[in-house]
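Coordinates as given in input_26.cif (mmCIF, C-alpha atoms):
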```cif
data_input
#
loop_
_atom_site.label_atom_id
_atom_site.label_comp_id
_atom_site.auth_asym_id
_atom_site.auth_seq_id
_atom_site.Cartn_x
_atom_site.Cartn_y
_atom_site.Cartn_z
CA MET D 30 0.00 0.00 0.00
CA ALA D 31 1.32 3.44 -0.94
CA SER D 32 2.35 5.78 1.86
CA GLY D 33 2.96 9.51 1.93
CA THR D 34 6.32 8.88 3.57
CA GLY D 35 7.46 7.45 0.22
CA GLY D 36 6.32 10.47 -1.78
CA GLN D 37 8.71 12.79 -3.61
CA ILE D 38 8.44 15.93 -5.71
CA ALA D 39 11.01 16.97 -8.31
CA LEU D 40 11.17 19.65 -10.98
CA ALA D 41 13.23 20.86 -13.91
CA HIS D 42 13.43 24.08 -15.89
CA ILE D 43 12.29 23.61 -19.48
CA ALA D 44 12.83 25.76 -22.52
CA SER D 45 9.26 25.92 -23.79
CA LEU D 46 5.72 25.39 -22.56
CA GLY D 47 5.18 22.42 -24.86
CA SER D 48 8.52 20.71 -24.17
CA GLN D 49 8.24 16.91 -24.15
CA VAL D 50 11.46 16.19 -22.24
CA ASP D 51 10.89 13.98 -19.19
CA SER D 52 13.77 15.48 -17.23
CA VAL D 53 13.40 16.26 -13.51
CA ASP D 54 16.61 16.99 -11.63
CA VAL D 55 15.76 19.24 -8.69
CA TRP D 56 13.89 17.57 -5.86
CA THR D 57 12.57 19.05 -2.65
CA ASN D 58 11.14 18.07 0.68
CA PHE D 59 7.48 19.04 1.08
CA LYS D 60 4.62 18.83 3.59
CA SER D 61 1.70 18.11 1.30
CA GLU D 62 0.39 18.55 -2.24
CA THR D 63 -3.00 18.85 -3.90
CA LEU D 64 -1.97 18.53 -7.54
CA GLU D 65 -4.72 17.13 -9.73
CA HIS D 66 -5.11 15.96 -13.32
CA LYS D 67 -8.36 17.49 -14.54
CA LEU D 68 -10.54 16.78 -17.58
CA ALA D 69 -13.21 19.33 -18.47
CA GLU D 70 -16.57 17.94 -19.54
CA LEU D 71 -18.44 19.03 -22.66
CA GLU D 72 -22.06 17.98 -22.27
CA GLU D 73 -24.45 17.87 -25.20
CA GLY D 74 -27.44 20.15 -24.98
CA SER D 75 -29.84 17.81 -26.78
CA ILE D 76 -33.31 17.35 -25.32
CA THR D 77 -34.25 13.72 -25.87
CA GLY D 78 -37.36 13.41 -23.78
CA ARG D 79 -35.47 11.58 -21.03
CA ARG D 80 -34.71 12.91 -17.54
CA ASP D 81 -31.16 11.57 -17.75
CA ALA D 82 -28.26 13.85 -18.51
CA PRO D 83 -27.17 13.71 -22.17
CA GLU D 84 -23.89 12.38 -23.56
CA SER D 85 -20.67 14.17 -22.59
CA HIS D 86 -17.31 14.55 -24.34
CA LYS D 87 -13.75 15.16 -23.17
CA GLY D 88 -12.83 18.83 -22.98
CA ILE D 89 -9.65 20.63 -21.89
CA ASP D 90 -6.98 18.37 -20.37
CA THR D 91 -4.90 20.15 -17.71
CA GLY D 92 -3.47 20.04 -14.20
CA ASP D 93 -3.28 22.34 -11.20
CA GLY D 94 -3.03 22.48 -7.42
CA ASP D 95 -0.68 23.49 -4.60
CA ILE D 96 2.59 22.30 -3.07
CA VAL D 97 3.09 23.15 0.62
CA LEU D 98 6.76 23.39 1.61
CA GLU D 99 8.87 23.87 4.69
CA PRO D 100 11.38 25.47 2.37
CA ASN D 101 14.73 23.85 1.70
CA PRO D 102 16.93 26.93 0.94
CA ASN D 103 18.45 25.25 -2.09
CA ALA D 104 15.25 23.92 -3.67
CA LEU D 105 13.28 27.08 -2.83
CA ALA D 106 15.57 29.05 -5.12
CA HIS D 107 14.11 27.23 -8.13
CA PHE D 108 10.53 28.17 -7.19
CA ILE D 109 11.54 31.81 -6.67
CA HIS D 110 13.40 31.90 -9.97
CA ALA D 111 10.37 30.50 -11.80
CA PHE D 112 8.22 33.36 -10.51
CA MET D 113 10.63 36.31 -10.45
CA GLY D 114 12.54 35.52 -13.66
CA THR D 115 15.33 38.12 -13.44
CA LEU D 116 18.47 36.89 -11.66
CA VAL D 117 21.90 38.28 -10.82
CA SER D 118 24.22 35.90 -8.95
CA SER D 119 27.67 36.04 -7.39
CA THR D 120 30.06 33.32 -6.18
CA PHE D 121 31.29 34.11 -2.67
CA CYS D 122 33.51 31.12 -2.11
CA ASP D 123 34.43 28.01 -4.02
CA ALA D 124 34.17 24.43 -2.83
CA ALA D 125 37.69 24.45 -1.39
CA SER D 126 37.05 27.37 0.96
CA VAL D 127 33.80 26.27 2.58
CA GLY D 128 33.40 25.91 6.33
CA THR D 129 32.60 22.64 8.15
CA GLY D 130 34.06 20.57 5.34
CA VAL D 131 31.07 20.78 3.01
CA ALA D 132 32.28 20.24 -0.55
CA THR D 133 30.29 22.95 -2.23
CA GLY D 134 30.38 26.64 -3.00
CA GLU D 135 28.52 29.60 -1.57
CA TYR D 136 26.33 31.66 -3.90
CA TYR D 137 24.44 34.91 -3.48
CA HIS D 138 21.36 35.50 -5.65
CA LYS D 139 19.31 38.63 -6.28
CA TRP D 140 15.94 38.35 -8.00
CA THR D 141 13.73 41.15 -9.29
CA PRO D 142 10.37 40.75 -11.09
CA ARG D 143 10.88 40.16 -14.78
CA ILE D 144 9.88 42.92 -17.20
CA PHE D 145 9.73 40.82 -20.37
CA GLY D 146 8.02 37.46 -20.68
CA HIS D 147 9.77 34.13 -21.02
CA SER D 148 8.24 33.63 -24.46
CA GLN D 149 5.12 34.30 -26.52
CA GLU D 150 3.56 31.22 -24.93
CA THR D 151 3.99 32.25 -21.31
CA PHE D 152 5.19 35.18 -19.25
CA LEU D 153 6.52 33.09 -16.35
CA ASN D 154 9.21 30.43 -16.65
CA PRO D 155 7.82 26.93 -17.42
CA ASN D 156 8.90 23.84 -15.49
CA ASN D 157 8.34 20.11 -15.33
CA VAL D 158 7.01 18.99 -11.95
CA ALA D 159 7.05 15.28 -11.09
CA VAL D 160 5.00 13.89 -8.20
CA TYR D 161 5.93 10.38 -7.09
CA LYS D 162 3.29 8.70 -4.94
CA ASP D 163 5.16 5.55 -3.89
CA VAL D 164 3.66 3.29 -6.58
CA GLY D 165 6.32 2.93 -9.29
CA SER D 166 5.43 5.69 -11.76
CA ALA D 167 5.25 9.45 -11.27
CA PHE D 168 2.77 12.04 -12.48
CA LEU D 169 4.61 14.55 -14.66
CA PHE D 170 3.03 18.00 -14.84
CA ARG D 171 4.54 19.40 -18.03
CA GLY D 172 4.68 23.09 -18.85
CA ALA D 173 3.93 24.04 -15.26
CA LEU D 174 3.91 27.62 -14.01
CA PHE D 175 4.00 28.89 -10.42
CA PRO D 176 1.62 31.88 -10.68
CA THR D 177 1.41 32.27 -6.89
CA LEU D 178 3.98 31.94 -4.12
CA LYS D 179 2.87 32.51 -0.53
CA PHE D 180 5.48 32.91 2.20
CA ALA D 181 4.34 32.51 5.82
CA ILE D 182 6.28 33.47 8.96
CA ASP D 183 4.41 32.67 12.18
CA ALA D 184 5.79 33.12 15.69
CA GLY D 185 6.42 29.72 17.22
CA ALA D 186 6.52 27.85 13.91
CA LEU D 187 8.73 26.91 10.98
CA ALA D 188 8.64 29.22 7.98
CA GLY D 189 6.38 27.94 5.22
CA VAL D 190 5.83 28.38 1.50
CA THR D 191 2.86 27.41 -0.67
CA ALA D 192 3.42 27.27 -4.43
CA SER D 193 0.39 27.12 -6.71
CA ILE D 194 0.76 25.29 -10.02
CA MET D 195 -1.01 25.38 -13.36
CA ALA D 196 0.23 22.85 -15.91
CA ARG D 197 -0.37 22.44 -19.63
CA GLN D 198 -0.21 18.63 -19.69
CA VAL D 199 -0.14 15.68 -17.29
CA ASP D 200 1.54 12.36 -18.14
CA LEU D 201 2.78 9.26 -16.33
CA ILE D 202 6.53 8.58 -16.49
CA ASP D 203 8.85 5.90 -15.16
CA TYR D 204 10.48 7.28 -12.04
CA THR D 205 13.19 5.94 -9.78
CA PRO D 206 12.96 7.35 -6.24
CA VAL D 207 15.91 9.51 -5.27
CA PHE D 208 17.42 8.87 -1.84
CA SER D 209 19.85 11.64 -1.06
CA ALA D 210 21.43 13.38 1.90
CA GLY D 211 20.02 16.63 0.53
CA LEU D 212 17.20 16.78 3.06
CA THR D 213 19.40 16.44 6.12
CA SER D 214 22.72 17.85 4.96
CA PRO D 215 23.49 21.59 5.11
CA GLY D 216 20.84 23.53 3.22
CA GLY D 217 18.11 20.98 3.62
CA ARG D 218 16.48 22.62 6.62
CA PRO D 219 13.84 25.35 6.77
CA TRP D 220 14.05 28.60 8.69
CA VAL D 221 12.53 28.87 12.18
CA TRP D 222 10.53 31.92 13.29
CA ASP D 223 13.28 33.19 15.62
CA MET D 224 15.60 33.46 12.60
CA ALA D 225 13.35 36.15 11.09
CA SER D 226 13.61 39.90 11.54
CA VAL D 227 11.32 42.62 10.21
CA GLU D 228 12.50 46.16 9.50
CA VAL D 229 10.30 49.12 8.55
CA SER D 230 11.12 52.74 7.72
CA THR D 231 8.96 55.34 9.41
CA THR D 232 9.18 57.90 6.61
CA GLY D 233 8.25 55.77 3.64
CA ILE D 234 11.17 57.12 1.60
CA THR D 235 13.12 54.45 -0.26
CA SER D 236 16.48 55.67 1.00
CA ALA D 237 15.31 56.07 4.59
CA ALA D 238 17.00 54.10 7.34
CA LEU D 239 15.23 50.90 8.35
CA ALA D 240 14.46 50.21 11.99
CA ALA D 241 13.80 46.81 13.54
CA ASN D 242 10.15 46.24 14.43
CA THR D 243 9.61 43.43 16.94
CA ASN D 244 5.83 43.85 17.16
CA PHE D 245 5.08 41.43 14.32
CA GLU D 246 3.66 38.08 15.40
CA LYS D 247 2.61 36.81 11.99
CA LEU D 248 3.45 37.90 8.45
CA ASN D 249 2.26 36.44 5.15
CA MET D 250 3.51 37.63 1.75
CA THR D 251 1.66 36.52 -1.39
CA PHE D 252 3.32 37.02 -4.77
CA THR D 253 0.82 36.51 -7.58
CA MET D 254 0.89 36.83 -11.36
CA PRO D 255 -2.45 35.46 -12.63
CA HIS D 256 -2.45 33.54 -15.90
CA VAL D 257 -5.28 32.08 -17.93
CA GLY D 258 -5.08 29.13 -20.30
CA VAL D 259 -5.72 29.91 -23.98
CA VAL D 260 -7.21 27.26 -26.26
CA ASN D 261 -6.39 27.34 -29.97
CA LEU D 262 -7.70 25.33 -32.92
CA ASP D 263 -4.54 23.25 -33.03
CA GLY D 264 -5.96 19.74 -32.95
CA THR D 265 -5.22 19.14 -29.24
CA LYS D 266 -7.15 19.31 -25.99
CA LEU D 267 -4.28 21.18 -24.33
CA TYR D 268 -3.83 24.88 -23.64
CA ARG D 269 -1.70 26.39 -26.38
CA GLU D 270 -0.41 29.16 -24.12
CA PHE D 271 -0.81 30.75 -20.71
CA ALA D 272 -1.57 34.47 -20.94
CA VAL D 273 -1.19 37.05 -18.18
CA ASN D 274 -4.66 37.89 -16.88
CA ASP D 275 -4.05 40.70 -14.39
CA TYR D 276 -1.33 42.87 -12.88
CA ARG D 277 1.48 41.35 -10.86
CA ARG D 278 0.60 41.91 -7.21
CA ILE D 279 2.29 41.40 -3.85
CA ASN D 280 -0.12 41.38 -0.93
CA MET D 281 0.63 41.05 2.77
CA ASP D 282 -1.35 40.31 5.88
CA GLY D 283 -0.51 39.51 9.45
CA THR D 284 -0.79 40.28 13.13
CA LEU D 285 0.93 42.81 15.36
CA SER D 286 1.21 43.05 19.11
CA PHE D 287 -0.82 46.20 19.82
CA ARG D 288 1.59 48.44 21.76
CA ASN D 289 1.22 51.84 20.08
CA MET D 290 -0.53 53.70 17.28
CA ASP D 291 2.42 53.97 14.89
CA GLU D 292 1.19 51.52 12.25
CA TYR D 293 -2.39 52.76 12.57
CA LEU D 294 -1.28 56.33 11.92
CA ALA D 295 0.60 55.16 8.83
CA PHE D 296 -2.53 53.33 7.67
CA ARG D 297 -4.72 56.35 8.34
CA ALA D 298 -2.41 58.71 6.44
CA TYR D 299 -2.12 56.20 3.54
CA GLU D 300 1.63 56.71 3.70
CA ASP D 301 4.30 54.72 1.91
CA ARG D 302 6.55 52.54 4.02
CA ARG D 303 9.71 50.63 3.20
CA MET D 304 9.95 47.07 4.53
CA ARG D 305 12.63 44.40 4.69
CA ILE D 306 12.24 40.87 6.05
CA THR D 307 15.33 38.72 6.64
CA LEU D 308 15.61 35.05 7.60
CA LEU D 309 19.10 33.93 8.58
CA ASN D 310 19.98 30.41 9.72
CA VAL D 311 22.90 31.13 12.06
CA ASN D 312 23.76 27.49 12.66
CA SER D 313 27.36 26.33 12.66
CA ALA D 314 26.33 23.01 11.10
CA LEU D 315 24.96 24.95 8.12
CA LEU D 316 27.92 27.26 7.68
CA LEU D 317 28.83 27.93 4.07
CA GLY D 318 31.69 30.39 4.31
CA ASN D 319 33.52 32.39 6.96
CA PRO D 320 31.10 34.34 9.20
CA ALA D 321 33.93 36.59 10.34
CA SER D 322 34.44 37.95 6.83
CA ALA D 323 32.23 40.95 6.19
CA ASP D 324 30.29 41.02 2.96
CA ALA D 325 27.75 43.37 1.44
CA THR D 326 25.01 40.75 1.46
CA GLY D 327 24.61 40.76 5.24
CA PHE D 328 24.35 36.95 5.29
CA SER D 329 27.97 36.41 6.46
CA GLY D 330 28.30 32.89 5.16
CA TYR D 331 24.97 31.48 6.40
CA TYR D 332 21.88 30.34 4.54
CA GLY D 333 19.72 33.43 4.26
CA LEU D 334 16.58 34.76 2.59
CA ARG D 335 15.61 38.42 2.35
CA PHE D 336 12.60 40.28 0.97
CA HIS D 337 12.90 43.99 0.24
CA PHE D 338 9.85 46.10 -0.57
CA PRO D 339 10.76 49.73 -1.37
CA LYS D 340 7.11 50.82 -0.98
CA ILE D 341 4.21 49.26 0.87
CA LYS D 342 0.86 50.69 1.92
CA TYR D 343 -1.40 49.49 4.72
CA LEU D 344 -4.92 48.84 3.48
CA LYS D 345 -6.62 47.59 6.66
CA PHE D 346 -5.87 47.96 10.34
CA SER D 347 -8.05 46.42 13.05
CA ALA D 348 -7.43 45.99 16.78
CA PRO D 349 -10.64 44.58 18.28
CA MET D 350 -11.10 43.94 22.00
CA GLN D 351 -12.18 40.34 22.23
CA GLY D 352 -13.06 40.10 25.90
CA PRO D 353 -10.46 40.50 28.64
CA ASN D 354 -7.64 39.03 26.52
CA ARG D 355 -4.62 40.90 25.24
CA ILE D 356 -5.20 43.08 22.19
CA THR D 357 -3.59 42.27 18.84
CA ALA D 358 -3.94 44.17 15.59
CA SER D 359 -4.51 42.54 12.21
CA PHE D 360 -3.52 44.28 9.01
CA THR D 361 -3.39 43.93 5.25
CA ALA D 362 -0.95 45.75 3.00
CA LYS D 363 0.36 45.74 -0.55
CA ALA D 364 3.66 46.43 -2.24
CA GLN D 365 3.81 49.14 -4.88
CA PHE D 366 6.18 49.82 -7.74
CA ASP D 367 8.86 52.29 -6.69
CA ASP D 368 10.04 54.74 -9.34
CA VAL D 369 13.35 55.40 -7.59
CA SER D 370 14.56 51.80 -7.45
CA ALA D 371 12.42 50.79 -10.48
CA ILE D 372 11.15 47.62 -8.77
CA MET D 373 8.23 46.42 -6.68
CA ALA D 374 10.27 43.87 -4.79
CA GLU D 375 13.68 42.25 -4.53
CA ILE D 376 14.45 38.80 -3.12
CA ASN D 377 17.97 37.86 -1.99
CA MET D 378 19.23 34.43 -1.05
CA MET D 379 22.46 32.80 0.03
CA ASN D 380 22.68 29.07 -0.69
CA ARG D 381 24.81 26.44 -2.42
CA VAL D 382 23.04 26.43 -5.81
CA SER D 383 24.94 28.06 -8.65
CA SER D 384 23.26 30.41 -11.10
CA THR D 385 24.09 27.92 -13.88
CA PHE D 386 21.99 25.22 -12.22
CA LEU D 387 19.18 27.73 -11.60
CA THR D 388 18.98 28.82 -15.21
CA THR D 389 19.82 25.62 -17.13
CA GLN D 390 16.91 24.59 -19.38
CA HIS D 391 16.09 21.14 -20.73
#
```
Now, as a test, write the supplied structure out as structure tokens.
Amino acid sequence: MASGTGGQIALAHIASLGSQVDSVDVWTNFKSETLEHKLAELEEGSITGRRDAPESHKGIDTGDGDIVLEPNPNALAHFIHAFMGTLVSSTFCDAASVGTGVATGEYYHKWTPRIFGHSQETFLNPNNVAVYKDVGSAFLFRGALFPTLKFAIDAGALAGVTASIMARQVDLIDYTPVFSAGLTSPGGRPWVWDMASVEVSTTGITSAALAANTNFEKLNMTFTMPHVGVVNLDGTKLYREFAVNDYRRINMDGTLSFRNMDEYLAFRAYEDRRMRITLLNVNSALLLGNPASADATGFSGYYGLRFHFPKIKYLKFSAPMQGPNRITASFTAKAQFDDVSAIMAEINMMNRVSSTFLTTQH
């Protein structure tokens, strides 16, 4: 009998939406998945005098769903790259100079939202996503996009990521399970809430100094770039392309310990704020380089993840009194495009995945 403990998920970057390569070479640990192969139904409209539903025919053949991750810093980079698209990377140390004897290099990545689409078929980067369910073959979601990435940081919990998927085609492929030290070796561990720090500027000016804000108890960031499948008269029951169907948006929500009126006053004035969230795994067993050597990234040789939003606006602020309990404030906010830095967001990461491996297409 199949068991979830034997399940695996792997992916690969592919050159085109309709690529038929079976390659999957990046695998990740995950908590759960809800990926489904779906067949649309085309039902005849004939009235035949019977009360029974008429004949139906096969319609669009596609796949979609979610993958819930406790993010492996190395695998997470591939999901981020698929959504953001624009990457600048630097090598900070080679395999021979790494701490704790790990035979790998240390790489710093900076992503910004892509301006130009991957191709005429899709704006976001396409991938193959294989889901192995412990029964010999794997479901291969070909031409898969990640139109939504949700990052969750909750006090008292591990950091989490949910990646939504929409795929052009679903097949079965032969798949040999991969048993690797990647889940337990350096880089295969998620960030914990106490590794996160939140900084906010009080002036809303991009160049303003950021100040640590320890009032946050929960923070969710949802990156979304909606796409819609387009059907052409091409003799197939597959989407020919995925077209952008709305603006790119980055929305936030969360909870604050209610200690003062600072964030409420910013909400009320509809002021711009600058925000930066950093997760840094300061664990000697996960050391990549030399923490004593200063570098401009601020990660100092450890696995790190940083989100920088030059402009955000609070859209809702509520601090209800729910009986005699302590008061917390819930909020929603959104990131906005900043003319000075010419971006809406920037994501930085330090890990052991080279830019070549991140951008190689099959």
Legend entry - Who sits within 8 Å of D:Asn249, all atoms listed in the file, same chain under 2 positions skipped, as a ChimeraX atom specification: /D:179-182,247,251,281-283
Using 12 Å as the limit and counting only C-alpha atoms, can you tabulate each residue of stretch 270-374 of chain D that touches stretch 146-150 of chain D, with its shortest atom-to-atom distance in Å and the two atoms involved, as a tab-separated table?
```
residue	atom	partner	partner_atom	distance
D:Glu270	CA	D:Glu150	CA	4.5
D:Phe271	CA	D:Glu150	CA	6.1
D:Ala272	CA	D:Glu150	CA	7.3
D:Val273	CA	D:Gly146	CA	9.6
```
Inset, instruction - Return the single residue from D:Ser52, D:Asn261, D:Ser85, D:Ser119 that is closest to D:Val158, with distances computed using all atoms listed in the file. - result: D:Ser52
Inset, instruction - Would you list the contacts of D:Asp368 as a list in words, taking every protein, DNA or RNA residue within 12 Å and counting only C-alpha atoms, but skipping same-chain residues closer than 4 positions in sequence? - result: Ile234, Thr235, Pro339, Lys340, Ile372, Met373 and Ala374 of chain D
Inset, instruction - Please indicate the distance in Å from atom CA of D:Asn377 to atom CA of D:Arg218, rounded to one decimal place. - result: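 Between these atoms lies a distance of 17.6 Å.
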Inset, instruction - Would you kindly return, as a PyMOL selection string, each protein, DNA or RNA residue with an atom no farther than 10 Å from any atom of D:Ala295, considering only C-alpha atoms and excluding same-chain residues fewer than 4 positions away? - result: chain D and resi 231-233+290-291+299-302+342-344+346
Inset, instruction - Counting all atoms listed in the file, figure out which residue out of D:Thr265, D:Glu84, D:Phe386, D:Ala348 gets nearest to D:Glu72. - result: D:Glu84
